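The structure appears right after this line, and notes come after that.
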Amino acid sequence: MKQESVILEAVNIGKTFGDVRALDTISLKLRAFTVHALLGENGAGKSTLVKCLMGYYRPDSGQILFNQKEEIIESPQRATRLGLGMVYQHFTLIPNMTIAENIVLSRADLPAVIDWDAEIKILQEKMAQMPFQFELRRLVRDLSVGEKQKVEITKQLLLDTKVLILDEPTSVLTPTEADEVLGKIHQLTQQQQLTVLMITHKFREVMKFADHVTVLRKGQFIGSAPVEDVNPQILSDMMVGGESLSKPPQRETLSDSKIKLNIDKLTVHNDQDLPVIQQLDLKVAQGEIVGIAGVSGNGQKQLVEVLSGQRSPQSGEIQAHGQNFLPHQNSIRQHKFFCLPEEPLKNACVGSLSVADNIVLHKFNEAPFAKWGLLRRGAIRRRAMELIQQYRVRTSGPDQPIAALSGGNVQRVVLARELAQDVSILVVSNPCFGLDFKAVADIRAQLLQARNRGAAILLLSEDLDEILEMSDRFYVISGGKLVHHTTPAQANMNTIGQYMAGH
Amino acid sequence: MTALRETWIISLAALALAFSLVAIFFATTGNSPWEVFYTLYRGAFGSWFSWQNTLVRAAPLMLTALCTVLPARVGLIVIGGEGAVVVGGLCSALVGITLQDQSPVLVITAMVLTGAITGGMWIAAVGALRYFRNVNETISSLLLNYIAIAILNFLVIGILKDPATLNNPSTHSIGEQNMIGQIGDTSIHWGLAYGIIVCVMLWILCRRSTFGFAADVVGGNIRAARLAGLPVAKVLLWCCFLGGAAAGIAGVLEVAAVHGRANSALNAGYGYAGILVAFLARQNPLAVIPYAILLGGIQASGGLLQRAHDLPDATVNVIQGIIFMVILSSEMFYGRFKWLQAKN
Ligand SMILES: Nc1ncnc2c1ncn2[C@@H]1O[C@H](COP(=O)(O)OP(=O)(O)OP(=O)(O)O)[C@@H](O)[C@H]1O
Ligand SMILES: [Mg+2]
């Protein structure tokens, strides 16, 4: 029998931003030494709730009890002193510093002069007891996403965190990495060293690693239960309240399959000027989705950067509709060639500008949004309202800065922007990161519709299931080369796994 | 609108704090702060005479502030206003001297265009160094100030010197008939109108035009700008050019409305004070107008402060320095106070 004392409790928490009621009397009981999953669709208020617990926001109403005693957590420092630690939805490590520096910096009692050798020795000793090990002098920017996530978690453990809050810890990890990380964390709770509150969109992880689950919907508390009493069907009903999912449209085969996107002998270097993509050839025809599967860090990021004009290739050519393509506004419009990179806030949006401004990013200087070089704000706002409704973006309005939206809603804005226009060539990278299952169904349906209308779609994803479900044919990328080509129907999991692992 | 409220409250609080520190400074000089403030007020806004003095100084400040404001829209911190004033002033003086005998309208037009283009190119060079060679724009614009001043001194002492100007070496005069005149029977020259018009025009450009939108995208997230296929280099260089052009016009005004020739009075510090105005205005071209008047007032009262309270003539610089430090530190309070943002 597990110890059932409640270590952290939120009672009737309410929080309003402007006109958005982000949390409406939410309660949550976190039992000691358990893993508690927090589920809910995009914009349900999950991040806001945990930020209230961490002292990052002050709730408008309600109480927080820590060990049955009321605490006013007025700042993140206070939370740290209570033993609460959080890994945020976006990485907070400083890329140009070493792992050791990042860990020491986040200590609350930083001395004026730091004896690095001594610190590193202490860290190494402590780390021996931890589930993950690292070379402490490595620079964070050289780490893969999986490693970064492990560093974030280890950092919290080293800070003597008793209650660890994880905001979508696995949305950037492969299923294998996710299992490793969550498995280790689950183990720590069973050894009575840690209590975990975890936000996630993945039912598989809830069923496998969590002890309890709480579901939120649109800022409301929907229910809480031990995991034994629920199943994915019940959970999904709780999350969306019986709204139906978008049905994937039927795949249509087009009679004539012209090549729309042609990548010819493309070589790309990374920031350190090392080749990450070598002599890559790829063709995508009208009305097909070509997938690129692979573990992250094999050149996918740089390939998308080149296609979206954020990086210049070393050599090679990109052709759209048989013409040389340079990513300038005119040719982007002429060829209707659009890109949906991952991490939209970093790669595809201007965080300080409003939702409306971000929605018209491609079209702000053409009619009806501009006339004689002047912006027509009215038309821009009307367009934004339309798309906000159509794509069910949760925002207080078109004038809200996009950086204030929940992670999944930023993704929706960008998808709305790119998919609502007439597209002919589309490059998509991990479109479903951080989206709830309903949004995932929506987006996959949208991509298929675009394909059926004749768009050529290049889909890069670390999620093999997504590739298998979406693509007409796909490649495996490894070390910057396309090492394998097959179709979902003929795919052999073993072979693919070996190619992905670089054999 | 909330952002506006936050800006106002924090700016006013910062100014209040700055003036309290200034009061302490006055007290250390053995004066009663209240009396000195009263003198400052009299010297700046106390009479129509002091208002005129203030506005004459505000005109170049508006223009030099824009030299920091426009590059800031694309995320660059440029402090090269002083250099652009000098270059614009010097080059326009040369054009004015050469065209002396043409019609005054032509001379003035040619001078303004020359000043704007040369000042613009001067700051565009800063932008180009930044974009193509990754040279820090703050450092390069500062160094270009020194280069501009050195060129000016070299030329007015050397080949361009009018032998008649002995103790204040200057170029030849552009001719009395070509000077920009005063507004009505005031002592304020038409440069004030230039300043206000340019501020309003650039405000419209920044806030209402597609160019301003592109600049906000480039300044906000260059990766998004590239994704949208915007001509990043062009937008960045144009912003630098327009800022430099405004400062160049300030140089033209100093030559064509005040001194009639180019000399070391061109580097009287309007470029540096303009940086302060730009930060006070939080890089908003329209807000530049009132803050330039405030700073112009402080500068105008310098003489009276010296005479009435026996304060050193660097007093004005001390006041400006204190305000600048406080304003820069106040930047960190934006977004910190929930009650300033509450309600939409
Ligand atoms: N700082 C803020 N200012 C204004 N509104 C905000 C702010 N933070 C969150 N919101 C709004 O509150 C709501 C809840 O956001 P929250 O980030 O908690 O969602 P979430 O459940 O974490 O979603 P996701 O799964 O997409 O991360 C959203 O509608 C969001 O727009
Ligand atoms: Mg979230």
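In the structure tokens, each chain is lettered A, B, ... as it comes, each chain's residues begin at 1, and ligands are numbered from 1 in order of appearance.
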
| task | Pull the helix (DSSP H, G or I) assignments for range 142-276 of chain B out of DSSP run on the backbone, and list those residues as a PyMOL selection string. | result | chain B and resi 142-157+176-178+191-208+210-220+222-227+232-259+264-267+270-276

Could you give me, as a PDB file with C-alpha atoms, in the first residue's frame, every polymer residue with an atom at most 10 Å away from an atom of ligand 2, counting only C-alpha atoms and all ligand atoms?
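Output (result-v1.pdb):
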ATOM      1  CA  GLY A  40      -6.120  18.674 -20.822  1.00  0.00           C
ATOM      2  CA  GLU A  41      -6.425  20.079 -24.312  1.00  0.00           C
ATOM      3  CA  ASN A  42      -4.332  23.005 -25.524  1.00  0.00           C
ATOM      4  CA  GLY A  43      -5.060  26.110 -23.527  1.00  0.00           C
ATOM      5  CA  ALA A  44      -6.890  24.167 -20.802  1.00  0.00           C
ATOM      6  CA  GLY A  45      -4.793  25.926 -18.179  1.00  0.00           C
ATOM      7  CA  LYS A  46      -2.273  23.232 -17.259  1.00  0.00           C
ATOM      8  CA  SER A  47       0.808  25.407 -17.526  1.00  0.00           C
ATOM      9  CA  THR A  48      -0.956  28.241 -15.739  1.00  0.00           C
ATOM     10  CA  LEU A  49      -1.904  25.973 -12.832  1.00  0.00           C
ATOM     11  CA  VAL A  50       1.619  24.693 -12.273  1.00  0.00           C
ATOM     12  CA  LYS A  51       3.038  28.190 -12.651  1.00  0.00           C
ATOM     13  CA  TYR A  88       9.387  24.262 -18.081  1.00  0.00           C
ATOM     14  CA  GLN A  89       7.781  23.588 -21.432  1.00  0.00           C
ATOM     15  CA  HIS A  90      10.683  25.398 -23.134  1.00  0.00           C
ATOM     16  CA  ASP A 167       5.561  20.588 -18.186  1.00  0.00           C
ATOM     17  CA  GLU A 168       5.334  18.325 -21.234  1.00  0.00           C
ATOM     18  CA  ILE A 199       1.751  17.596 -17.703  1.00  0.00           C
ATOM     19  CA  THR A 200       1.421  15.511 -20.829  1.00  0.00           C
ATOM     20  CA  LEU A 405      -0.670  32.064 -25.895  1.00  0.00           C
ATOM     21  CA  SER A 406      -0.332  28.499 -24.628  1.00  0.00           C
ATOM     22  CA  GLY A 407       2.237  26.386 -26.454  1.00  0.00           C
ATOM     23  CA  GLY A 408      -0.328  24.442 -28.443  1.00  0.00           C
ATOM     24  CA  ASN A 409      -2.226  27.558 -29.417  1.00  0.00           C
ATOM     25  CA  GLY A 434       2.760  19.744 -27.924  1.00  0.00           C
ATOM     26  CA  LEU A 435      -0.722  19.375 -29.389  1.00  0.00           C
TER      27      LEU A 435
END

| message | For Thr487 in chain A, find every residue with an atom within 12 Å (counting only C-alpha atoms), except residues of its own chain fewer than 5 positions away, and show them as number ranges by chain. | response | A: 288-293, 467-476, 492-493, 496

N, CA, C and O atoms of the current selection, written as a PDB file, in the first residue's frame:
ATOM      1  N   GLU A 288       1.244  14.306 -53.184  1.00  0.00           N
ATOM      2  CA  GLU A 288       1.789  13.253 -52.330  1.00  0.00           C
ATOM      3  C   GLU A 288       2.430  13.843 -51.077  1.00  0.00           C
ATOM      4  O   GLU A 288       2.863  14.992 -51.071  1.00  0.00           O
ATOM      5  N   ILE A 289       2.430  13.030 -50.031  1.00  0.00           N
ATOM      6  CA  ILE A 289       3.130  13.408 -48.817  1.00  0.00           C
ATOM      7  C   ILE A 289       4.356  12.515 -48.720  1.00  0.00           C
ATOM      8  O   ILE A 289       4.229  11.298 -48.670  1.00  0.00           O
ATOM      9  N   VAL A 290       5.517  13.138 -48.773  1.00  0.00           N
ATOM     10  CA  VAL A 290       6.749  12.375 -48.633  1.00  0.00           C
ATOM     11  C   VAL A 290       7.258  12.583 -47.220  1.00  0.00           C
ATOM     12  O   VAL A 290       7.417  13.720 -46.769  1.00  0.00           O
ATOM     13  N   GLY A 291       7.473  11.495 -46.511  1.00  0.00           N
ATOM     14  CA  GLY A 291       7.928  11.610 -45.129  1.00  0.00           C
ATOM     15  C   GLY A 291       9.430  11.500 -45.022  1.00  0.00           C
ATOM     16  O   GLY A 291      10.086  10.904 -45.880  1.00  0.00           O
ATOM     17  N   ILE A 292       9.981  12.110 -43.990  1.00  0.00           N
ATOM     18  CA  ILE A 292      11.380  11.881 -43.645  1.00  0.00           C
ATOM     19  C   ILE A 292      11.399  11.507 -42.176  1.00  0.00           C
ATOM     20  O   ILE A 292      11.107  12.332 -41.312  1.00  0.00           O
ATOM     21  N   ALA A 293      11.706  10.242 -41.921  1.00  0.00           N
ATOM     22  CA  ALA A 293      11.752   9.773 -40.537  1.00  0.00           C
ATOM     23  C   ALA A 293      13.196   9.804 -40.076  1.00  0.00           C
ATOM     24  O   ALA A 293      14.115   9.800 -40.885  1.00  0.00           O
ATOM     25  N   ILE A 467       4.703   9.404 -39.376  1.00  0.00           N
ATOM     26  CA  ILE A 467       5.181   9.175 -40.737  1.00  0.00           C
ATOM     27  C   ILE A 467       4.396   8.032 -41.380  1.00  0.00           C
ATOM     28  O   ILE A 467       3.930   8.136 -42.517  1.00  0.00           O
ATOM     29  N   LEU A 468       4.228   6.953 -40.630  1.00  0.00           N
ATOM     30  CA  LEU A 468       3.532   5.791 -41.189  1.00  0.00           C
ATOM     31  C   LEU A 468       2.083   6.121 -41.503  1.00  0.00           C
ATOM     32  O   LEU A 468       1.530   5.663 -42.498  1.00  0.00           O
ATOM     33  N   GLU A 469       1.473   6.923 -40.658  1.00  0.00           N
ATOM     34  CA  GLU A 469       0.070   7.242 -40.875  1.00  0.00           C
ATOM     35  C   GLU A 469      -0.128   8.235 -42.021  1.00  0.00           C
ATOM     36  O   GLU A 469      -1.077   8.121 -42.788  1.00  0.00           O
ATOM     37  N   MET A 470       0.797   9.210 -42.126  1.00  0.00           N
ATOM     38  CA  MET A 470       0.550  10.327 -43.019  1.00  0.00           C
ATOM     39  C   MET A 470       1.142  10.176 -44.420  1.00  0.00           C
ATOM     40  O   MET A 470       0.593  10.683 -45.378  1.00  0.00           O
ATOM     41  N   SER A 471       2.307   9.530 -44.544  1.00  0.00           N
ATOM     42  CA  SER A 471       3.017   9.678 -45.812  1.00  0.00           C
ATOM     43  C   SER A 471       2.554   8.661 -46.853  1.00  0.00           C
ATOM     44  O   SER A 471       2.026   7.593 -46.539  1.00  0.00           O
ATOM     45  N   ASP A 472       2.772   9.035 -48.121  1.00  0.00           N
ATOM     46  CA  ASP A 472       2.529   8.109 -49.219  1.00  0.00           C
ATOM     47  C   ASP A 472       3.752   7.233 -49.421  1.00  0.00           C
ATOM     48  O   ASP A 472       3.657   6.075 -49.805  1.00  0.00           O
ATOM     49  N   ARG A 473       4.919   7.830 -49.238  1.00  0.00           N
ATOM     50  CA  ARG A 473       6.176   7.079 -49.225  1.00  0.00           C
ATOM     51  C   ARG A 473       7.107   7.856 -48.318  1.00  0.00           C
ATOM     52  O   ARG A 473       6.858   9.035 -48.042  1.00  0.00           O
ATOM     53  N   PHE A 474       8.145   7.231 -47.819  1.00  0.00           N
ATOM     54  CA  PHE A 474       9.022   7.986 -46.924  1.00  0.00           C
ATOM     55  C   PHE A 474      10.456   7.501 -46.958  1.00  0.00           C
ATOM     56  O   PHE A 474      10.759   6.417 -47.458  1.00  0.00           O
ATOM     57  N   TYR A 475      11.329   8.394 -46.497  1.00  0.00           N
ATOM     58  CA  TYR A 475      12.746   8.093 -46.401  1.00  0.00           C
ATOM     59  C   TYR A 475      13.126   8.032 -44.924  1.00  0.00           C
ATOM     60  O   TYR A 475      12.433   8.553 -44.065  1.00  0.00           O
ATOM     61  N   VAL A 476      14.281   7.399 -44.656  1.00  0.00           N
ATOM     62  CA  VAL A 476      14.883   7.499 -43.333  1.00  0.00           C
ATOM     63  C   VAL A 476      16.136   8.340 -43.494  1.00  0.00           C
ATOM     64  O   VAL A 476      16.914   8.120 -44.423  1.00  0.00           O
ATOM     65  N   ASN A 492       9.249  -2.310 -43.130  1.00  0.00           N
ATOM     66  CA  ASN A 492       9.625  -3.353 -42.185  1.00  0.00           C
ATOM     67  C   ASN A 492      10.246  -2.682 -40.970  1.00  0.00           C
ATOM     68  O   ASN A 492      11.282  -2.041 -41.072  1.00  0.00           O
ATOM     69  N   MET A 493       9.579  -2.815 -39.832  1.00  0.00           N
ATOM     70  CA  MET A 493       9.982  -2.067 -38.638  1.00  0.00           C
ATOM     71  C   MET A 493      11.430  -2.324 -38.255  1.00  0.00           C
ATOM     72  O   MET A 493      12.147  -1.414 -37.851  1.00  0.00           O
ATOM     73  N   ILE A 496      13.791  -0.494 -40.604  1.00  0.00           N
ATOM     74  CA  ILE A 496      13.726   0.948 -40.370  1.00  0.00           C
ATOM     75  C   ILE A 496      14.467   1.314 -39.095  1.00  0.00           C
ATOM     76  O   ILE A 496      15.264   2.251 -39.061  1.00  0.00           O
TER      77      ILE A 496
END

| message | With only C-alpha atoms considered, list every residue of chain B at most 6 Å from chain A, as a list in words. | response |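 Using only C-alpha atoms, chain B residues at most 6 Å from chain A: Arg208, Ser209, Thr210, Gly220, Asn221, Arg223, Ala224, Arg226, Leu227, Ala228, Gly229, Leu230, Lys343 and Asn344 of chain B.
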
Preceding selection exported with C-alpha atoms as a compact mmCIF listing (two decimals), in the first residue's frame:
# COMPACT_ATOMS: atom_id res chain seq x y z
CA ARG B 208 1.07 52.53 -40.12
CA SER B 209 3.09 51.44 -43.12
CA THR B 210 3.99 48.03 -44.43
CA GLY B 220 11.28 41.06 -33.33
CA ASN B 221 12.50 37.79 -34.82
CA ARG B 223 14.14 33.99 -38.32
CA ALA B 224 10.45 34.71 -38.84
CA ARG B 226 13.48 35.12 -43.28
CA LEU B 227 10.67 32.55 -43.24
CA ALA B 228 8.35 35.17 -44.70
CA GLY B 229 10.98 35.95 -47.33
CA LEU B 230 11.33 39.58 -46.27
CA LYS B 343 -7.49 45.20 -17.30
CA ASN B 344 -7.61 45.49 -21.03

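Our summary of the geometry notes that CA of Phe325 in chain A is positioned 14.5 Å from CA of Val284 in chain A.
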
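Contact shell of Arg81 in chain A at 12 Å (only C-alpha atoms; same-chain neighbours under 4 positions omitted): Met54, Gly55, Phe66, Glu71, Ile73, Glu74, Ser75, Pro76, Gln77, Gly85, Arg107, Ala108, Asp109, Leu159, Asp160, Thr161, Lys162 and Val163 of chain A.
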
Store the residues of this selection in a file with N, CA, C and O atoms, as a short mmCIF file (atom, residue, chain, number, x, y, z; two decimals), in the first residue's frame.
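Result file again.cif:
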data_model
loop_
_atom_site.label_atom_id
_atom_site.label_comp_id
_atom_site.auth_asym_id
_atom_site.auth_seq_id
_atom_site.Cartn_x
_atom_site.Cartn_y
_atom_site.Cartn_z
N MET A 54 4.22 27.20 -8.59
CA MET A 54 5.64 27.52 -8.52
C MET A 54 5.90 28.98 -8.15
O MET A 54 7.04 29.42 -8.16
N GLY A 55 4.84 29.74 -7.88
CA GLY A 55 5.05 31.14 -7.51
C GLY A 55 5.40 32.03 -8.69
O GLY A 55 5.82 33.16 -8.52
N PHE A 66 0.94 23.14 1.59
CA PHE A 66 2.13 22.31 1.46
C PHE A 66 2.27 21.57 2.77
O PHE A 66 2.37 22.19 3.83
N GLU A 71 0.46 27.85 2.44
CA GLU A 71 1.66 28.59 2.09
C GLU A 71 1.26 29.64 1.06
O GLU A 71 0.47 29.37 0.16
N ILE A 73 2.88 31.25 -1.87
CA ILE A 73 4.10 31.11 -2.66
C ILE A 73 4.21 32.36 -3.53
O ILE A 73 3.66 32.43 -4.62
N GLU A 74 4.90 33.36 -3.01
CA GLU A 74 4.87 34.66 -3.70
C GLU A 74 5.94 34.75 -4.78
O GLU A 74 5.88 35.65 -5.61
N SER A 75 6.89 33.83 -4.78
CA SER A 75 7.94 33.92 -5.81
C SER A 75 8.52 32.53 -6.06
O SER A 75 8.42 31.64 -5.22
N PRO A 76 9.14 32.33 -7.23
CA PRO A 76 9.77 31.05 -7.52
C PRO A 76 10.84 30.70 -6.47
O PRO A 76 11.04 29.53 -6.15
N GLN A 77 11.50 31.72 -5.91
CA GLN A 77 12.51 31.45 -4.87
C GLN A 77 11.86 30.77 -3.67
O GLN A 77 12.41 29.83 -3.09
N GLY A 85 10.31 22.11 -7.55
CA GLY A 85 11.15 22.43 -8.70
C GLY A 85 10.39 22.14 -9.97
O GLY A 85 9.52 21.28 -10.00
N ARG A 107 21.42 27.54 -8.36
CA ARG A 107 21.34 27.36 -6.92
C ARG A 107 20.85 28.65 -6.27
O ARG A 107 21.20 29.74 -6.70
N ALA A 108 20.06 28.51 -5.20
CA ALA A 108 19.51 29.72 -4.57
C ALA A 108 20.60 30.47 -3.80
O ALA A 108 20.61 31.69 -3.75
N ASP A 109 21.56 29.74 -3.22
CA ASP A 109 22.57 30.37 -2.35
C ASP A 109 23.91 30.46 -3.06
O ASP A 109 24.91 29.91 -2.60
N LEU A 159 19.21 20.06 -6.89
CA LEU A 159 18.81 21.20 -6.05
C LEU A 159 17.96 20.72 -4.88
O LEU A 159 17.31 21.53 -4.22
N ASP A 160 17.94 19.43 -4.64
CA ASP A 160 17.17 18.85 -3.54
C ASP A 160 15.69 19.10 -3.69
O ASP A 160 14.99 19.45 -2.74
N THR A 161 15.21 18.95 -4.91
CA THR A 161 13.79 19.12 -5.15
C THR A 161 13.04 17.90 -4.61
O THR A 161 13.43 16.77 -4.86
N LYS A 162 11.97 18.19 -3.86
CA LYS A 162 11.16 17.09 -3.32
C LYS A 162 9.95 16.86 -4.20
O LYS A 162 9.48 15.74 -4.35
N VAL A 163 9.41 17.95 -4.73
CA VAL A 163 8.27 17.83 -5.62
C VAL A 163 8.69 18.38 -6.98
O VAL A 163 9.02 19.55 -7.11
#

| said: I'd like to know which of A:Leu261, A:Val113, A:Leu216, A:Ile388 is closest to ligand 1, using only C-alpha atoms and all ligand atoms. | reply: A:Leu216

| said: When you look at Phe241 in chain B with a cut-off of 10 Å (counting only C-alpha atoms), what residues show up, excluding the ones that are within fewer than 6 positions of it in the same chain? I need them as a PyMOL selection string. | reply: chain B and resi 67+70-71+116-127+235+247

Restricting it to all heavy atoms, dump the selection as a compact mmCIF listing (two decimals), in the first residue's frame.
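As a result, result-v7.txt now contains:
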# COMPACT_ATOMS: atom_id res chain seq x y z
N CYS B 67 17.76 59.19 -34.97
CA CYS B 67 18.91 58.40 -35.42
C CYS B 67 19.11 57.18 -34.53
O CYS B 67 19.71 56.19 -34.94
CB CYS B 67 20.15 59.27 -35.42
SG CYS B 67 21.56 58.49 -36.17
N LEU B 70 15.12 54.88 -35.12
CA LEU B 70 14.83 54.03 -36.28
C LEU B 70 15.63 52.73 -36.29
O LEU B 70 15.05 51.66 -36.47
CB LEU B 70 14.96 54.80 -37.59
CG LEU B 70 13.56 55.29 -37.89
CD1 LEU B 70 13.44 56.75 -37.81
CD2 LEU B 70 13.00 54.67 -39.11
N PRO B 71 16.94 52.79 -36.07
CA PRO B 71 17.66 51.50 -36.00
C PRO B 71 17.13 50.62 -34.87
O PRO B 71 17.15 49.39 -34.98
CB PRO B 71 19.11 51.92 -35.75
CG PRO B 71 19.21 53.30 -36.28
CD PRO B 71 17.87 53.92 -36.03
N ALA B 116 20.77 64.91 -45.74
CA ALA B 116 20.03 63.68 -45.46
C ALA B 116 20.73 62.47 -46.06
O ALA B 116 20.90 61.44 -45.41
CB ALA B 116 18.61 63.80 -46.01
N ILE B 117 21.18 62.62 -47.31
CA ILE B 117 21.79 61.46 -47.97
C ILE B 117 23.13 61.10 -47.32
O ILE B 117 23.39 59.94 -47.01
CB ILE B 117 21.96 61.73 -49.49
CG1 ILE B 117 20.57 61.79 -50.13
CG2 ILE B 117 22.81 60.63 -50.14
CD1 ILE B 117 20.58 62.23 -51.57
N THR B 118 23.97 62.10 -47.06
CA THR B 118 25.28 61.76 -46.48
C THR B 118 25.12 61.23 -45.05
O THR B 118 25.75 60.24 -44.68
CB THR B 118 26.23 62.97 -46.50
OG1 THR B 118 25.54 64.08 -45.91
CG2 THR B 118 26.65 63.31 -47.91
N GLY B 119 24.29 61.89 -44.25
CA GLY B 119 24.05 61.40 -42.89
C GLY B 119 23.48 59.99 -42.94
O GLY B 119 23.86 59.11 -42.17
N GLY B 120 22.56 59.78 -43.88
CA GLY B 120 21.94 58.46 -44.03
C GLY B 120 22.96 57.39 -44.39
O GLY B 120 22.99 56.31 -43.80
N MET B 121 23.82 57.72 -45.35
CA MET B 121 24.83 56.74 -45.76
C MET B 121 25.78 56.43 -44.60
O MET B 121 26.23 55.30 -44.44
CB MET B 121 25.67 57.28 -46.94
CG MET B 121 24.88 57.64 -48.17
SD MET B 121 24.31 56.19 -49.03
CE MET B 121 25.79 55.78 -49.89
N TRP B 122 26.06 57.46 -43.83
CA TRP B 122 26.98 57.29 -42.69
C TRP B 122 26.46 56.22 -41.73
O TRP B 122 27.18 55.33 -41.33
CB TRP B 122 27.12 58.64 -41.98
CG TRP B 122 28.26 58.75 -41.01
CD1 TRP B 122 28.16 58.75 -39.65
CD2 TRP B 122 29.64 58.89 -41.31
NE1 TRP B 122 29.40 58.88 -39.09
CE2 TRP B 122 30.34 58.97 -40.10
CE3 TRP B 122 30.38 58.96 -42.52
CZ2 TRP B 122 31.71 59.11 -40.02
CZ3 TRP B 122 31.75 59.10 -42.44
CH2 TRP B 122 32.41 59.18 -41.21
N ILE B 123 25.16 56.30 -41.39
CA ILE B 123 24.59 55.32 -40.46
C ILE B 123 24.27 54.01 -41.18
O ILE B 123 24.36 52.92 -40.61
CB ILE B 123 23.34 55.89 -39.76
CG1 ILE B 123 23.70 57.17 -39.01
CG2 ILE B 123 22.73 54.89 -38.78
CD1 ILE B 123 24.76 57.00 -37.93
N ALA B 124 23.94 54.09 -42.48
CA ALA B 124 23.72 52.85 -43.23
C ALA B 124 25.00 52.02 -43.23
O ALA B 124 24.95 50.78 -43.19
CB ALA B 124 23.29 53.17 -44.67
N ALA B 125 26.15 52.70 -43.23
CA ALA B 125 27.42 51.97 -43.17
C ALA B 125 27.51 51.17 -41.88
O ALA B 125 27.99 50.03 -41.87
CB ALA B 125 28.59 52.94 -43.27
N VAL B 126 27.00 51.76 -40.79
CA VAL B 126 26.98 51.05 -39.51
C VAL B 126 26.13 49.78 -39.65
O VAL B 126 26.54 48.69 -39.23
CB VAL B 126 26.40 51.96 -38.40
CG1 VAL B 126 26.17 51.17 -37.13
CG2 VAL B 126 27.32 53.14 -38.16
N GLY B 127 24.95 49.94 -40.27
CA GLY B 127 24.06 48.80 -40.46
C GLY B 127 24.71 47.73 -41.33
O GLY B 127 24.60 46.54 -41.07
N VAL B 235 15.61 46.08 -45.37
CA VAL B 235 14.83 46.73 -44.31
C VAL B 235 15.77 47.32 -43.26
O VAL B 235 15.63 48.47 -42.82
CB VAL B 235 13.87 45.71 -43.65
CG1 VAL B 235 13.24 46.27 -42.39
CG2 VAL B 235 12.81 45.27 -44.64
N ALA B 247 19.35 62.74 -38.63
CA ALA B 247 20.44 63.42 -37.95
C ALA B 247 21.21 64.31 -38.91
O ALA B 247 21.65 65.42 -38.55
CB ALA B 247 21.37 62.40 -37.30

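The two atoms in question, CA of Gln283 in chain B and CA of Ile204 in chain B, are spaced 13.6 Å apart.
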
| query | Hey, what's within 7 Å of range 154-168 of chain B if we count only C-alpha atoms and toss same-chain stuff fewer than 4 positions away? As a VMD selection string, please? | reply | chain B and resid 150 172 263

Residues at most 8 Å from Val288 in chain B, counting only C-alpha atoms, excluding those fewer than 6 positions away in the same chain, as an mmCIF file with C-alpha atoms, in the first residue's frame?
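Okay, this is what ended up in around-v3.cif:
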data_model
loop_
_atom_site.group_PDB
_atom_site.id
_atom_site.type_symbol
_atom_site.label_atom_id
_atom_site.label_comp_id
_atom_site.auth_asym_id
_atom_site.auth_seq_id
_atom_site.Cartn_x
_atom_site.Cartn_y
_atom_site.Cartn_z
ATOM 1 C CA MET B 62 14.150 65.666 -32.304
ATOM 2 C CA ALA B 65 16.871 61.194 -31.439
ATOM 3 C CA LEU B 66 15.416 59.610 -34.574
ATOM 4 C CA CYS B 199 8.997 62.941 -36.432
ATOM 5 C CA VAL B 277 15.685 61.618 -25.898
ATOM 6 C CA ALA B 278 15.274 58.377 -27.844
ATOM 7 C CA LEU B 280 13.090 58.608 -22.824
ATOM 8 C CA ALA B 281 10.650 58.292 -25.709
#
